[in-house]
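Student: Sharing protein32.txt (compact mmCIF, N, CA, C and O atoms) below.
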```txt
# COMPACT_ATOMS: atom_id res chain seq x y z
N MET R 959 118.65 148.57 108.95
CA MET R 959 117.99 149.33 109.97
C MET R 959 118.55 150.74 109.98
O MET R 959 119.73 150.94 109.76
N LEU R 960 117.69 151.67 110.25
CA LEU R 960 118.07 153.07 110.28
C LEU R 960 118.36 153.49 111.72
O LEU R 960 117.57 153.21 112.62
N VAL R 961 119.52 154.10 111.95
CA VAL R 961 119.85 154.66 113.26
C VAL R 961 120.28 156.10 113.06
O VAL R 961 120.64 156.51 111.95
N GLU R 962 120.24 156.87 114.13
CA GLU R 962 120.54 158.30 114.06
C GLU R 962 121.77 158.61 114.90
O GLU R 962 121.92 158.09 116.00
N LEU R 963 122.63 159.47 114.36
CA LEU R 963 123.79 159.96 115.11
C LEU R 963 123.30 161.02 116.09
O LEU R 963 122.71 162.02 115.70
N LYS R 964 123.54 160.78 117.38
CA LYS R 964 123.06 161.66 118.45
C LYS R 964 124.18 162.57 118.94
O LYS R 964 125.29 162.54 118.40
N ALA R 965 123.87 163.33 119.97
CA ALA R 965 124.86 164.21 120.60
C ALA R 965 126.06 163.38 121.03
O ALA R 965 125.95 162.20 121.34
N LYS R 966 127.22 163.99 121.03
CA LYS R 966 128.48 163.34 121.42
C LYS R 966 128.78 162.12 120.54
O LYS R 966 129.39 161.15 120.98
N SER R 967 128.32 162.13 119.30
CA SER R 967 128.61 161.07 118.31
C SER R 967 128.11 159.70 118.74
O SER R 967 128.69 158.68 118.38
N GLN R 968 127.01 159.63 119.48
CA GLN R 968 126.48 158.36 119.96
C GLN R 968 125.46 157.79 118.98
O GLN R 968 124.67 158.51 118.40
N VAL R 969 125.49 156.45 118.83
CA VAL R 969 124.55 155.72 118.00
C VAL R 969 124.01 154.57 118.86
O VAL R 969 124.76 153.90 119.56
N THR R 970 122.71 154.32 118.80
CA THR R 970 122.11 153.21 119.53
C THR R 970 122.07 151.98 118.62
O THR R 970 121.55 152.05 117.51
N ILE R 971 122.61 150.89 119.10
CA ILE R 971 122.56 149.63 118.36
C ILE R 971 121.15 149.07 118.53
O ILE R 971 120.67 148.93 119.65
N PRO R 972 120.47 148.72 117.44
CA PRO R 972 119.10 148.19 117.55
C PRO R 972 119.01 146.97 118.47
O PRO R 972 119.90 146.12 118.49
N LYS R 973 117.94 146.91 119.24
CA LYS R 973 117.71 145.85 120.24
C LYS R 973 117.81 144.45 119.63
O LYS R 973 118.36 143.54 120.24
N ASP R 974 117.28 144.26 118.40
CA ASP R 974 117.35 142.95 117.74
C ASP R 974 118.80 142.48 117.58
O ASP R 974 119.11 141.31 117.78
N ILE R 975 119.69 143.41 117.22
CA ILE R 975 121.10 143.07 117.04
C ILE R 975 121.75 142.79 118.39
O ILE R 975 122.50 141.83 118.55
N VAL R 976 121.44 143.64 119.38
CA VAL R 976 121.98 143.44 120.73
C VAL R 976 121.59 142.06 121.25
O VAL R 976 122.44 141.32 121.77
N ASN R 977 120.34 141.69 121.07
CA ASN R 977 119.87 140.38 121.55
C ASN R 977 120.48 139.23 120.76
O ASN R 977 120.94 138.25 121.35
N SER R 978 120.52 139.33 119.44
CA SER R 978 121.03 138.22 118.63
C SER R 978 122.52 137.99 118.85
O SER R 978 123.00 136.86 118.75
N MET R 979 123.26 139.05 119.18
CA MET R 979 124.70 138.92 119.41
C MET R 979 125.02 138.78 120.90
O MET R 979 126.19 138.71 121.27
N GLU R 980 123.97 138.75 121.72
CA GLU R 980 124.13 138.61 123.17
C GLU R 980 125.09 139.65 123.74
O GLU R 980 125.98 139.36 124.54
N LEU R 981 124.91 140.91 123.32
CA LEU R 981 125.72 142.00 123.81
C LEU R 981 125.19 142.47 125.16
O LEU R 981 124.00 142.36 125.44
N ASN R 982 126.09 143.00 125.98
CA ASN R 982 125.73 143.48 127.30
C ASN R 982 126.27 144.89 127.50
O ASN R 982 127.29 145.27 126.90
N GLN R 983 125.62 145.63 128.38
CA GLN R 983 126.12 146.96 128.73
C GLN R 983 127.56 146.82 129.22
O GLN R 983 127.88 145.92 129.99
N GLY R 984 128.43 147.69 128.74
CA GLY R 984 129.83 147.64 129.12
C GLY R 984 130.71 146.88 128.15
O GLY R 984 131.93 146.95 128.24
N ASP R 985 130.12 146.11 127.22
CA ASP R 985 130.92 145.44 126.20
C ASP R 985 131.69 146.50 125.41
O ASP R 985 131.22 147.61 125.21
N GLN R 986 132.89 146.15 124.97
CA GLN R 986 133.73 147.08 124.23
C GLN R 986 133.83 146.64 122.77
O GLN R 986 133.72 145.46 122.45
N PHE R 987 134.07 147.64 121.90
CA PHE R 987 134.11 147.40 120.47
C PHE R 987 135.34 148.08 119.87
O PHE R 987 135.74 149.15 120.29
N GLU R 988 135.87 147.45 118.83
CA GLU R 988 136.83 148.12 117.96
C GLU R 988 135.98 148.84 116.92
O GLU R 988 135.04 148.26 116.37
N VAL R 989 136.30 150.11 116.65
CA VAL R 989 135.56 150.88 115.65
C VAL R 989 136.55 151.30 114.57
O VAL R 989 137.63 151.82 114.86
N ARG R 990 136.18 151.04 113.32
CA ARG R 990 137.05 151.45 112.22
C ARG R 990 136.20 151.79 111.00
O ARG R 990 135.03 151.42 110.91
N GLU R 991 136.82 152.47 110.08
CA GLU R 991 136.17 152.83 108.81
C GLU R 991 136.80 151.98 107.72
O GLU R 991 138.02 151.85 107.65
N GLU R 992 135.96 151.36 106.91
CA GLU R 992 136.43 150.56 105.76
C GLU R 992 135.60 150.92 104.55
O GLU R 992 134.39 150.67 104.54
N ASN R 993 136.22 151.47 103.56
CA ASN R 993 135.56 151.79 102.29
C ASN R 993 134.25 152.56 102.50
O ASN R 993 133.21 152.22 101.93
N GLY R 994 134.28 153.56 103.37
CA GLY R 994 133.11 154.39 103.61
C GLY R 994 132.07 153.78 104.54
O GLY R 994 130.99 154.32 104.71
N LYS R 995 132.40 152.64 105.16
CA LYS R 995 131.49 152.00 106.11
C LYS R 995 132.09 152.05 107.51
O LYS R 995 133.30 151.94 107.67
N ILE R 996 131.23 152.20 108.52
CA ILE R 996 131.68 152.16 109.91
C ILE R 996 131.50 150.73 110.39
O ILE R 996 130.41 150.17 110.32
N ILE R 997 132.58 150.13 110.87
CA ILE R 997 132.57 148.74 111.33
C ILE R 997 132.75 148.72 112.84
O ILE R 997 133.70 149.31 113.37
N LEU R 998 131.84 148.03 113.54
CA LEU R 998 131.95 147.81 114.98
C LEU R 998 132.23 146.33 115.21
O LEU R 998 131.46 145.48 114.76
N VAL R 999 133.31 146.02 115.91
CA VAL R 999 133.67 144.63 116.18
C VAL R 999 133.72 144.43 117.70
O VAL R 999 134.53 145.07 118.37
N PRO R 1000 132.84 143.56 118.26
CA PRO R 1000 132.89 143.31 119.70
C PRO R 1000 134.24 142.73 120.10
O PRO R 1000 134.81 141.90 119.39
N LEU R 1001 134.77 143.20 121.23
CA LEU R 1001 136.07 142.75 121.72
C LEU R 1001 135.95 142.16 123.11
O LEU R 1001 135.08 142.55 123.88
N ALA R 1002 136.84 141.25 123.42
CA ALA R 1002 137.00 140.75 124.78
C ALA R 1002 138.35 141.25 125.26
O ALA R 1002 139.37 141.06 124.60
N ILE R 1003 138.38 141.94 126.39
CA ILE R 1003 139.60 142.50 126.95
C ILE R 1003 140.02 141.64 128.14
O ILE R 1003 139.23 141.39 129.04
N TYR R 1004 141.27 141.18 128.13
CA TYR R 1004 141.77 140.32 129.19
C TYR R 1004 143.03 140.92 129.80
O TYR R 1004 143.82 141.55 129.10
N PRO R 1005 143.26 140.70 131.10
CA PRO R 1005 144.51 141.16 131.72
C PRO R 1005 145.72 140.47 131.09
O PRO R 1005 145.61 139.35 130.57
N GLU R 1006 146.87 141.12 131.16
CA GLU R 1006 148.09 140.61 130.53
C GLU R 1006 148.46 139.21 131.04
O GLU R 1006 148.87 138.35 130.25
N HIS R 1007 148.28 138.94 132.34
CA HIS R 1007 148.65 137.62 132.88
C HIS R 1007 147.77 136.52 132.28
O HIS R 1007 148.23 135.39 132.10
N VAL R 1008 146.53 136.84 131.94
CA VAL R 1008 145.65 135.85 131.32
C VAL R 1008 146.15 135.52 129.91
O VAL R 1008 146.20 134.36 129.51
N ILE R 1009 146.56 136.55 129.18
CA ILE R 1009 147.09 136.35 127.81
C ILE R 1009 148.36 135.51 127.86
O ILE R 1009 148.53 134.59 127.06
N LYS R 1010 149.25 135.81 128.80
CA LYS R 1010 150.49 135.03 128.93
C LYS R 1010 150.18 133.57 129.22
O LYS R 1010 150.79 132.66 128.65
N ASN R 1011 149.21 133.34 130.10
CA ASN R 1011 148.81 131.97 130.44
C ASN R 1011 148.24 131.25 129.22
O ASN R 1011 148.58 130.10 128.95
N LEU R 1012 147.40 131.94 128.46
CA LEU R 1012 146.83 131.34 127.25
C LEU R 1012 147.91 131.01 126.23
O LEU R 1012 147.88 129.95 125.60
N LYS R 1013 148.88 131.91 126.06
CA LYS R 1013 149.97 131.65 125.12
C LYS R 1013 150.77 130.42 125.54
O LYS R 1013 151.15 129.60 124.70
N ALA R 1014 151.00 130.28 126.84
CA ALA R 1014 151.72 129.11 127.34
C ALA R 1014 150.92 127.84 127.09
O ALA R 1014 151.48 126.80 126.69
N GLN R 1015 149.61 127.91 127.29
CA GLN R 1015 148.75 126.75 127.04
C GLN R 1015 148.73 126.38 125.56
O GLN R 1015 148.73 125.20 125.21
N VAL R 1016 148.71 127.39 124.70
CA VAL R 1016 148.73 127.13 123.24
C VAL R 1016 150.04 126.45 122.86
O VAL R 1016 150.05 125.48 122.11
N LYS R 1017 151.14 126.96 123.39
CA LYS R 1017 152.45 126.36 123.10
C LYS R 1017 152.48 124.90 123.55
O LYS R 1017 152.92 124.01 122.81
N GLU R 1018 151.98 124.65 124.77
CA GLU R 1018 151.94 123.28 125.29
C GLU R 1018 151.03 122.40 124.43
O GLU R 1018 151.37 121.25 124.14
N SER R 1019 149.90 122.94 124.00
CA SER R 1019 148.97 122.17 123.16
C SER R 1019 149.60 121.83 121.81
O SER R 1019 149.44 120.71 121.31
N LYS R 1020 150.31 122.78 121.22
CA LYS R 1020 150.97 122.51 119.94
C LYS R 1020 152.00 121.40 120.08
O LYS R 1020 152.11 120.54 119.20
N GLU R 1021 152.74 121.41 121.18
CA GLU R 1021 153.72 120.36 121.42
C GLU R 1021 153.03 119.01 121.61
O GLU R 1021 153.50 117.99 121.10
N SER R 1022 151.90 119.00 122.33
CA SER R 1022 151.14 117.76 122.53
C SER R 1022 150.62 117.21 121.20
O SER R 1022 150.68 116.01 120.94
N ILE R 1023 150.12 118.09 120.36
CA ILE R 1023 149.61 117.68 119.05
C ILE R 1023 150.76 117.11 118.21
O ILE R 1023 150.62 116.06 117.58
N LYS R 1024 151.89 117.81 118.23
CA LYS R 1024 153.06 117.36 117.48
C LYS R 1024 153.50 115.97 117.91
O LYS R 1024 153.91 115.14 117.09
N ASN R 1025 153.36 115.70 119.22
CA ASN R 1025 153.77 114.39 119.76
C ASN R 1025 152.65 113.36 119.73
O ASN R 1025 152.81 112.26 120.24
N GLY R 1026 151.50 113.72 119.14
CA GLY R 1026 150.38 112.79 119.04
C GLY R 1026 149.67 112.53 120.36
O GLY R 1026 149.03 111.51 120.52
N GLU R 1027 149.77 113.46 121.30
CA GLU R 1027 149.20 113.27 122.63
C GLU R 1027 147.85 113.96 122.84
O GLU R 1027 147.23 113.80 123.88
N SER R 1028 147.38 114.77 121.90
CA SER R 1028 146.14 115.53 122.09
C SER R 1028 145.00 114.95 121.26
O SER R 1028 145.21 114.45 120.16
N PRO R 1029 143.77 115.06 121.80
CA PRO R 1029 142.62 114.56 121.04
C PRO R 1029 142.30 115.46 119.85
O PRO R 1029 142.66 116.63 119.84
N VAL R 1030 141.65 114.88 118.87
CA VAL R 1030 141.18 115.61 117.70
C VAL R 1030 139.66 115.60 117.76
O VAL R 1030 139.06 114.55 117.99
N PHE R 1031 139.03 116.74 117.58
CA PHE R 1031 137.58 116.85 117.68
C PHE R 1031 136.98 116.95 116.29
O PHE R 1031 137.46 117.70 115.45
N ASN R 1032 135.91 116.20 116.06
CA ASN R 1032 135.25 116.19 114.75
C ASN R 1032 134.23 117.29 114.60
O ASN R 1032 133.77 117.56 113.49
N SER R 1033 133.83 117.91 115.72
CA SER R 1033 132.84 118.99 115.65
C SER R 1033 133.03 119.92 116.84
O SER R 1033 133.70 119.58 117.82
N ILE R 1034 132.43 121.07 116.73
CA ILE R 1034 132.47 122.03 117.84
C ILE R 1034 131.76 121.45 119.05
O ILE R 1034 132.20 121.63 120.19
N ASP R 1035 130.65 120.73 118.81
CA ASP R 1035 129.91 120.14 119.93
C ASP R 1035 130.76 119.15 120.71
O ASP R 1035 130.74 119.13 121.94
N SER R 1036 131.54 118.32 120.01
CA SER R 1036 132.39 117.36 120.72
C SER R 1036 133.49 118.09 121.50
O SER R 1036 133.86 117.66 122.59
N LEU R 1037 133.99 119.19 120.94
CA LEU R 1037 134.96 120.01 121.66
C LEU R 1037 134.35 120.55 122.94
O LEU R 1037 134.93 120.47 124.01
N PHE R 1038 133.13 121.10 122.84
CA PHE R 1038 132.48 121.66 124.02
C PHE R 1038 132.12 120.60 125.05
O PHE R 1038 132.17 120.85 126.25
N GLU R 1039 131.79 119.40 124.61
CA GLU R 1039 131.54 118.32 125.56
C GLU R 1039 132.79 118.05 126.39
O GLU R 1039 132.72 117.89 127.61
N GLU R 1040 133.93 118.02 125.73
CA GLU R 1040 135.19 117.79 126.44
C GLU R 1040 135.53 118.97 127.35
O GLU R 1040 135.97 118.80 128.48
N LEU R 1041 135.29 120.19 126.85
CA LEU R 1041 135.53 121.37 127.69
C LEU R 1041 134.62 121.39 128.91
O LEU R 1041 135.05 121.76 130.00
N ASP R 1042 133.36 120.99 128.72
CA ASP R 1042 132.43 120.92 129.85
C ASP R 1042 132.94 119.95 130.91
O ASP R 1042 132.90 120.24 132.10
N LYS R 1043 133.45 118.79 130.48
CA LYS R 1043 134.00 117.82 131.42
C LYS R 1043 135.20 118.43 132.16
O LYS R 1043 135.32 118.31 133.38
N TRP R 1044 136.08 119.07 131.41
CA TRP R 1044 137.26 119.69 132.00
C TRP R 1044 136.88 120.76 133.00
O TRP R 1044 137.44 120.83 134.09
N CYS R 1045 135.89 121.58 132.65
CA CYS R 1045 135.45 122.65 133.54
C CYS R 1045 134.86 122.10 134.83
O CYS R 1045 135.09 122.65 135.90
N ARG R 1046 134.11 121.02 134.74
CA ARG R 1046 133.55 120.41 135.95
C ARG R 1046 134.66 119.91 136.87
O ARG R 1046 134.57 120.01 138.08
N ILE R 1047 135.73 119.42 136.29
CA ILE R 1047 136.83 118.89 137.09
C ILE R 1047 137.71 120.03 137.63
O ILE R 1047 138.03 120.06 138.81
N LYS R 1048 138.10 120.97 136.77
CA LYS R 1048 139.08 121.98 137.13
C LYS R 1048 138.49 123.25 137.75
O LYS R 1048 139.15 123.91 138.53
N LEU R 1049 137.28 123.60 137.36
CA LEU R 1049 136.74 124.91 137.75
C LEU R 1049 135.45 124.81 138.54
O LEU R 1049 134.54 125.61 138.35
N LEU R 1050 135.35 123.85 139.42
CA LEU R 1050 134.10 123.63 140.14
C LEU R 1050 133.66 124.85 140.95
O LEU R 1050 132.48 125.09 141.12
N THR R 1051 134.59 125.63 141.43
CA THR R 1051 134.23 126.77 142.28
C THR R 1051 134.07 128.07 141.52
O THR R 1051 133.66 129.07 142.09
N ARG R 1052 134.40 128.10 140.25
CA ARG R 1052 134.30 129.35 139.49
C ARG R 1052 132.97 129.46 138.78
O ARG R 1052 132.45 128.49 138.24
N LYS R 1053 132.44 130.70 138.74
CA LYS R 1053 131.21 130.97 138.01
C LYS R 1053 131.60 131.60 136.68
O LYS R 1053 132.37 132.55 136.65
N PRO R 1054 131.08 131.09 135.55
CA PRO R 1054 131.45 131.67 134.26
C PRO R 1054 130.95 133.10 134.13
O PRO R 1054 129.92 133.46 134.68
N SER R 1055 131.70 133.91 133.41
CA SER R 1055 131.31 135.30 133.17
C SER R 1055 130.06 135.34 132.30
O SER R 1055 129.90 134.55 131.39
N LYS R 1056 129.18 136.30 132.58
CA LYS R 1056 127.97 136.42 131.76
C LYS R 1056 128.31 136.84 130.34
O LYS R 1056 127.53 136.65 129.43
N ASN R 1057 129.51 137.43 130.14
CA ASN R 1057 129.90 137.87 128.81
C ASN R 1057 130.52 136.76 127.98
O ASN R 1057 130.76 136.93 126.81
N THR R 1058 130.82 135.62 128.58
CA THR R 1058 131.43 134.51 127.86
C THR R 1058 130.44 133.36 127.80
O THR R 1058 130.53 132.42 128.55
N THR R 1059 129.48 133.47 126.92
CA THR R 1059 128.48 132.43 126.80
C THR R 1059 128.91 131.39 125.78
O THR R 1059 129.74 131.66 124.90
N ARG R 1060 128.34 130.21 125.90
CA ARG R 1060 128.66 129.12 124.98
C ARG R 1060 128.35 129.51 123.53
O ARG R 1060 129.12 129.22 122.63
N SER R 1061 127.23 130.21 123.32
CA SER R 1061 126.88 130.58 121.95
C SER R 1061 127.86 131.59 121.37
O SER R 1061 128.16 131.55 120.18
N LYS R 1062 128.40 132.50 122.21
CA LYS R 1062 129.42 133.43 121.72
C LYS R 1062 130.67 132.67 121.32
O LYS R 1062 131.26 132.93 120.28
N LEU R 1063 131.09 131.72 122.15
CA LEU R 1063 132.28 130.94 121.83
C LEU R 1063 132.06 130.12 120.56
O LEU R 1063 132.95 130.02 119.72
N LYS R 1064 130.89 129.53 120.41
CA LYS R 1064 130.59 128.77 119.19
C LYS R 1064 130.67 129.66 117.96
O LYS R 1064 131.23 129.28 116.94
N ARG R 1065 130.11 130.88 118.08
CA ARG R 1065 130.13 131.82 116.95
C ARG R 1065 131.56 132.16 116.58
O ARG R 1065 131.92 132.21 115.41
N ILE R 1066 132.41 132.38 117.58
CA ILE R 1066 133.82 132.69 117.31
C ILE R 1066 134.50 131.51 116.63
O ILE R 1066 135.19 131.68 115.63
N LEU R 1067 134.33 130.31 117.18
CA LEU R 1067 134.98 129.12 116.59
C LEU R 1067 134.46 128.84 115.19
O LEU R 1067 135.23 128.43 114.32
N ASN R 1068 133.17 129.06 114.95
CA ASN R 1068 132.62 128.83 113.61
C ASN R 1068 133.20 129.80 112.60
O ASN R 1068 133.26 129.51 111.41
N SER R 1069 133.62 130.99 113.05
CA SER R 1069 134.15 131.99 112.13
C SER R 1069 135.60 131.71 111.74
O SER R 1069 136.11 132.32 110.82
N LEU R 1070 136.27 130.81 112.45
CA LEU R 1070 137.68 130.52 112.16
C LEU R 1070 137.84 129.66 110.93
O LEU R 1070 137.02 128.90 110.56
```
So that I can check it, write out the structure of this file as structure tokens.
Tutor:
Amino acid sequence: MLVELKAKSQVTIPKDIVNSMELNQGDQFEVREENGKIILVPLAIYPEHVIKNLKAQVKESKESIKNGESPVFNSIDSLFEELDKWCRIKLLTRKPSKNTTRSKLKRILNSL
């Protein structure tokens, strides 16, 4: 697709790409140059306390796996089924962010 560099170095991302990647106004990107190409990578920005909490959960999960206490998932769908159950139990009062959709999470996990 052809795009044009506008005033103040702005470029419009084509609507088809915005829709297929479920991008929203205000989403942030890492921008870098690689071998003469401009690369835009969507980012999720989290407060420091959230990152610390996630690191603690990862450490606890690794210990559980090491001790044979954690489940093993055969597919992303089975993982999400378990996460859905957990969310219903633990997060009944929280509304998920519009920027954290199931399809975005699946795309991230599939890329690993």
Student: Pull the neighbourhood of (124.9, 151.0, 124.5) for me: all residues within 6 Å in file coordinates, counting only N, CA, C and O atoms, as JSON, numbers by chain.
Tutor: {"R": [969, 971, 983]}
Student: Those same residues, written as a PDB file, in the coordinates of the input with N, CA, C and O atoms?
Tutor:
```pdb
ATOM      1  N   VAL R 969     125.490 156.450 118.830  1.00  0.00           N
ATOM      2  CA  VAL R 969     124.550 155.720 118.000  1.00  0.00           C
ATOM      3  C   VAL R 969     124.010 154.570 118.860  1.00  0.00           C
ATOM      4  O   VAL R 969     124.760 153.900 119.560  1.00  0.00           O
ATOM      5  N   ILE R 971     122.610 150.890 119.100  1.00  0.00           N
ATOM      6  CA  ILE R 971     122.560 149.630 118.360  1.00  0.00           C
ATOM      7  C   ILE R 971     121.150 149.070 118.530  1.00  0.00           C
ATOM      8  O   ILE R 971     120.670 148.930 119.650  1.00  0.00           O
ATOM      9  N   GLN R 983     125.620 145.630 128.380  1.00  0.00           N
ATOM     10  CA  GLN R 983     126.120 146.960 128.730  1.00  0.00           C
ATOM     11  C   GLN R 983     127.560 146.820 129.220  1.00  0.00           C
ATOM     12  O   GLN R 983     127.880 145.920 129.990  1.00  0.00           O
TER      13      GLN R 983
END
```
Student: Do you have the atom CA of R:Ser967-atom CA of R:Gln986 distance handy?
Tutor: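 The value is 16.0 Å.
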Student: When you count only N, CA, C and O atoms, which of these residues is closest to R:Met959: R:Leu1012, R:Glu1039, R:Leu981, R:Pro972?
Tutor: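 Smallest distance to R:Met959 is found for R:Pro972.
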Student: Could you go through stretch 981-1056 of chain R and tell me which residues DSSP, when run on the backbone, assigns to strand (DSSP E), listing them as a list in words?
Tutor: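 The residues of stretch 981-1056 of chain R classed as strand (DSSP E) are Gln986, Phe987, Glu988, Val989, Arg990, Glu991, Glu992, Lys995, Ile996, Ile997, Leu998, Val999, Pro1000 and Leu1001 of chain R.
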Student: Figure out the distance between atom CA of R:Ala1002 and atom CA of R:Glu988, please, to one decimal in Å.
Tutor: 10.0 Å
Student: If I take atom O of R:Phe1038 and atom CA of R:Phe987, how far is one from the other in Å, to one decimal?
Tutor: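 Distance reported for this atom pair: 27.2 Å.
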Student: Please return the centre and edge lengths, in Å to one decimal, of a box with edges along x, y and z that contains all listed atoms of stretch 1024-1036 of chain R, widened by 8 Å on every side, as lines of an AutoDock Vina configuration file.
Tutor:
```
center_x = 141.9
center_y = 116.8
center_z = 118.7
size_x = 40.0
size_y = 26.5
size_z = 26.4
```
Student: Report as a ChimeraX atom specification: the residues of stretch 961-1050 of chain R with a DSSP assignment of helix (DSSP H, G or I), based on the backbone of this structure.
Tutor: /R:965-967,973-978,1006-1024,1034-1048
